[in-house]
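Working notes for the structure below.
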Amino acid sequence: MNLKLVTIVMTLLFSLPAWAEGRAVSYKVNGEDYEGYYISPDAKAPLVLLIHDWDGLTDYEVKRAQMLAEEGYAVFAADLFGAGVRPTKVEDKRQHTGELYKDRNKMRELLIGAMTMADSLGGNTDNAVAMGYCFGGAAVLEMARSGAEMKGFVTFHGGLKTPKGQDYSNTKGSLLIMHGGADQAIPMSDFTALSQELEKTSLDNEMIVYSGAPHAFTVYGSDNYREKADYKSWQRFLTYLGAVID
């Protein structure tokens, strides 16, 4: 881990009711402020690095982190936008995700910084899987292509395109891609292209399509939420975790 990337500012904040079961964590990456969330049921628990979707780290990711903690996993939910940056307007969401899509080096540094932060908190970074939703899924695949030392990479309705000049030749760990068959934001052509790309490698991968599920099918309370696809994908994720990390 590159410890120079991250400076711990404050590790415990108990002022946020939705995060009361875990810890809001303030940290710096390359001099900029970020605020993540950490929860761990046990000092030796396997680690899940969780990457948020395009509205930043919100109660949704915190809830998912708590669900994983109940299953015995430690979770560091990273912040890729910056402390206090939680966009609500579509144009702002596009701005913040677009900036990182255009600066892949920064995206990778933020992912490394998040793992360094998790390591500083006692997270088991040698026994870890990265997972992400929507934009976070695209970030997880960026992490996979970077050659990060993770045991697995998981996406839920995430961006699937491989940037020009990149490939999966340096990827370590297996891939689990879960996608909605009715996703209009990330079409099946992207899913097929990634499948064909991965078939040319020796990587262990599994790609699943949930019929009738639109984009963001796991997001509670949204018009796109699909209970059946959410349940199936979550159960597959838990089974995957049990198989790839100790």
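A note on labels: chains of the structure tokens are A, B, ... as shown, every chain counts residues from 1, and ligands are counted from 1 in their shown order.
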message = Based on the backbone DSSP call, show me all residues of region 23-224 of chain A assigned strand (DSSP E), as JSON, numbers by chain.
response = {"A": [23, 24, 25, 26, 27, 28, 29, 32, 33, 34, 35, 36, 37, 38, 39, 46, 47, 48, 49, 50, 51, 74, 75, 76, 77, 78, 124, 125, 126, 127, 128, 129, 130, 131, 132, 133, 152, 153, 154, 155, 156, 174, 175, 176, 177, 178, 179, 180, 205, 206, 207, 208, 209, 210]}
Can those selected residues be exported to a file as a compact mmCIF listing (two decimals), in the first residue's frame so that it contains N, CA and C atoms?
# COMPACT_ATOMS: atom_id res chain seq x y z
N ARG A 23 -18.28 3.69 11.58
CA ARG A 23 -17.47 4.89 11.80
C ARG A 23 -17.38 5.71 10.52
N ALA A 24 -17.74 6.96 10.61
CA ALA A 24 -17.45 7.87 9.51
C ALA A 24 -15.98 8.22 9.60
N VAL A 25 -15.29 8.17 8.50
CA VAL A 25 -13.84 8.31 8.49
C VAL A 25 -13.42 9.45 7.57
N SER A 26 -12.77 10.45 8.14
CA SER A 26 -12.23 11.54 7.34
C SER A 26 -10.77 11.25 7.01
N TYR A 27 -10.41 11.44 5.76
CA TYR A 27 -9.03 11.15 5.34
C TYR A 27 -8.65 12.04 4.16
N LYS A 28 -7.38 12.05 3.83
CA LYS A 28 -6.89 12.84 2.71
C LYS A 28 -6.22 11.95 1.68
N VAL A 29 -6.41 12.28 0.42
CA VAL A 29 -5.67 11.64 -0.67
C VAL A 29 -5.08 12.78 -1.51
N GLU A 32 -6.30 16.29 -0.63
CA GLU A 32 -7.71 16.61 -0.71
C GLU A 32 -8.50 15.80 0.31
N ASP A 33 -9.58 16.41 0.84
CA ASP A 33 -10.37 15.79 1.90
C ASP A 33 -11.44 14.84 1.35
N TYR A 34 -11.55 13.71 2.01
CA TYR A 34 -12.57 12.71 1.65
C TYR A 34 -13.18 12.17 2.94
N GLU A 35 -14.40 11.65 2.83
CA GLU A 35 -15.03 11.06 4.00
C GLU A 35 -15.69 9.73 3.62
N GLY A 36 -15.15 8.65 4.18
CA GLY A 36 -15.67 7.32 3.92
C GLY A 36 -16.40 6.77 5.13
N TYR A 37 -16.61 5.48 5.12
CA TYR A 37 -17.34 4.81 6.20
C TYR A 37 -16.73 3.44 6.42
N TYR A 38 -16.49 3.10 7.68
CA TYR A 38 -15.86 1.81 8.01
C TYR A 38 -16.68 1.08 9.06
N ILE A 39 -16.85 -0.21 8.83
CA ILE A 39 -17.54 -1.05 9.81
C ILE A 39 -16.88 -2.42 9.79
N PRO A 46 -12.69 -10.66 6.79
CA PRO A 46 -12.32 -10.33 5.41
C PRO A 46 -12.87 -8.95 5.05
N LEU A 47 -12.21 -8.28 4.13
CA LEU A 47 -12.56 -6.90 3.80
C LEU A 47 -13.26 -6.78 2.45
N VAL A 48 -14.29 -5.94 2.42
CA VAL A 48 -14.93 -5.56 1.17
C VAL A 48 -14.74 -4.06 0.99
N LEU A 49 -14.14 -3.68 -0.12
CA LEU A 49 -14.04 -2.27 -0.49
C LEU A 49 -15.27 -1.94 -1.33
N LEU A 50 -16.09 -1.01 -0.85
CA LEU A 50 -17.36 -0.69 -1.50
C LEU A 50 -17.27 0.68 -2.15
N ILE A 51 -17.60 0.76 -3.45
CA ILE A 51 -17.53 2.02 -4.18
C ILE A 51 -18.93 2.48 -4.56
N ALA A 74 -15.84 -7.09 7.09
CA ALA A 74 -15.50 -5.69 7.32
C ALA A 74 -15.69 -4.95 6.00
N VAL A 75 -16.10 -3.69 6.07
CA VAL A 75 -16.35 -2.92 4.85
C VAL A 75 -15.76 -1.52 4.99
N PHE A 76 -15.02 -1.11 3.97
CA PHE A 76 -14.66 0.30 3.85
C PHE A 76 -15.38 0.84 2.63
N ALA A 77 -16.33 1.73 2.86
CA ALA A 77 -17.04 2.40 1.78
C ALA A 77 -16.26 3.66 1.45
N ALA A 78 -15.67 3.69 0.28
CA ALA A 78 -14.78 4.79 -0.10
C ALA A 78 -15.57 6.00 -0.60
N ASN A 124 -8.46 -5.98 6.70
CA ASN A 124 -7.65 -7.09 6.20
C ASN A 124 -7.47 -6.93 4.69
N THR A 125 -6.58 -6.05 4.29
CA THR A 125 -6.40 -5.73 2.88
C THR A 125 -5.73 -6.84 2.08
N ASP A 126 -5.20 -7.85 2.74
CA ASP A 126 -4.62 -8.99 2.05
C ASP A 126 -5.67 -10.06 1.73
N ASN A 127 -6.88 -9.84 2.22
CA ASN A 127 -7.98 -10.80 2.03
C ASN A 127 -9.23 -10.00 1.68
N ALA A 128 -9.24 -9.42 0.47
CA ALA A 128 -10.23 -8.40 0.15
C ALA A 128 -10.81 -8.54 -1.25
N VAL A 129 -12.03 -8.04 -1.37
CA VAL A 129 -12.74 -7.97 -2.64
C VAL A 129 -13.25 -6.55 -2.81
N ALA A 130 -13.24 -6.04 -4.05
CA ALA A 130 -13.80 -4.73 -4.34
C ALA A 130 -15.15 -4.90 -5.03
N MET A 131 -16.12 -4.08 -4.65
CA MET A 131 -17.42 -4.14 -5.29
C MET A 131 -17.97 -2.72 -5.46
N GLY A 132 -18.83 -2.54 -6.48
CA GLY A 132 -19.36 -1.20 -6.70
C GLY A 132 -20.68 -1.21 -7.45
N TYR A 133 -21.41 -0.11 -7.27
CA TYR A 133 -22.71 0.08 -7.91
C TYR A 133 -22.62 1.16 -8.98
N GLY A 152 -10.97 -10.42 -5.75
CA GLY A 152 -12.10 -10.39 -6.67
C GLY A 152 -12.62 -8.99 -6.89
N PHE A 153 -13.39 -8.84 -7.98
CA PHE A 153 -13.97 -7.56 -8.37
C PHE A 153 -15.41 -7.81 -8.79
N VAL A 154 -16.33 -7.06 -8.19
CA VAL A 154 -17.76 -7.32 -8.40
C VAL A 154 -18.47 -6.03 -8.78
N THR A 155 -19.34 -6.11 -9.80
CA THR A 155 -20.11 -4.94 -10.18
C THR A 155 -21.60 -5.26 -10.18
N PHE A 156 -22.39 -4.31 -9.69
CA PHE A 156 -23.84 -4.34 -9.79
C PHE A 156 -24.25 -3.21 -10.74
N SER A 174 -10.70 -12.80 -9.57
CA SER A 174 -11.78 -13.11 -10.50
C SER A 174 -12.76 -11.94 -10.62
N LEU A 175 -13.65 -12.04 -11.60
CA LEU A 175 -14.63 -11.00 -11.86
C LEU A 175 -16.04 -11.57 -11.77
N LEU A 176 -16.94 -10.83 -11.13
CA LEU A 176 -18.36 -11.16 -11.10
C LEU A 176 -19.12 -9.92 -11.56
N ILE A 177 -19.78 -10.03 -12.71
CA ILE A 177 -20.50 -8.92 -13.31
C ILE A 177 -21.99 -9.23 -13.29
N MET A 178 -22.79 -8.37 -12.65
CA MET A 178 -24.23 -8.58 -12.58
C MET A 178 -24.94 -7.39 -13.23
N HIS A 179 -25.79 -7.69 -14.21
CA HIS A 179 -26.31 -6.68 -15.11
C HIS A 179 -27.81 -6.87 -15.33
N GLY A 180 -28.51 -5.79 -15.55
CA GLY A 180 -29.93 -5.85 -15.85
C GLY A 180 -30.20 -5.99 -17.33
N ASN A 205 -14.11 -15.55 -14.69
CA ASN A 205 -15.15 -14.53 -14.66
C ASN A 205 -16.54 -15.15 -14.79
N GLU A 206 -17.50 -14.47 -14.22
CA GLU A 206 -18.90 -14.87 -14.33
C GLU A 206 -19.71 -13.62 -14.61
N MET A 207 -20.55 -13.69 -15.65
CA MET A 207 -21.37 -12.55 -16.04
C MET A 207 -22.83 -12.99 -16.06
N ILE A 208 -23.67 -12.28 -15.30
CA ILE A 208 -25.06 -12.67 -15.11
C ILE A 208 -25.98 -11.55 -15.57
N VAL A 209 -27.05 -11.93 -16.29
CA VAL A 209 -28.07 -10.97 -16.71
C VAL A 209 -29.38 -11.31 -15.99
N TYR A 210 -30.00 -10.30 -15.39
CA TYR A 210 -31.29 -10.47 -14.72
C TYR A 210 -32.38 -9.90 -15.63
Run DSSP on the backbone and grab whatever in region 92-237 of chain A lands in alpha helix (DSSP H); send it over as an MDAnalysis selection string. chainID A and resid 92:102 104:120 135:146 188:199 227:237
*asked:* Give me the residues near Glu227 (chain A) as a VMD selection string, where near means some atom within 12 Å (using only C-alpha atoms) and where sequence neighbours in that chain fewer than 3 positions away do not count.
replied: chain A and resid 210 212 to 214 216 to 224 230 to 234
Long-range neighbours of Ile112 (chain A) as an NGL selection string, 12 Å cut-off, only C-alpha atoms, 3 positions minimum in chain: :A and (1-6 or 28-30 or 49 or 78-80 or 105-109 or 115-119 or 125 or 130 or 139-140 or 142-144 or 146-150)
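Across the model, the gap from CA of Gly136 (chain A) to CA of Ala43 (chain A) is 25.9 Å.
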Requested in this report: Name the closest residue to Ala83 (chain A) among the candidates A:Met188, A:Met67, A:Leu121, A:Leu57; distances are taken between atoms, counting only C-alpha atoms.
Outcome: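 Under the stated criterion, the closest residue is A:Leu57.
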Gly181 (chain A) proximity check over A:Lys200, A:His52, A:His157, A:Arg94, using only C-alpha atoms: winner is A:His157
A straight line from CA of Asp190 (chain A) to CA of Leu160 (chain A) spans 6.0 Å
TODO: Tell me which of A:Gly122, A:Gly165, A:Ala182, A:Phe135 sits closest to Leu100 (chain A), counting only C-alpha atoms.
DONE: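 That would be A:Phe135, the residue with the smallest distance to Leu100 (chain A).
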Nearest residue to Phe81 (chain A) out of A:Ile186, A:Ala45, A:Leu110, A:Ala243, using only C-alpha atoms?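 Distance minimum relative to Phe81 (chain A) lands on A:Leu110.
Here CA of Phe237 (chain A) stands at a distance of 18.3 Å from CA of Ser40 (chain A).
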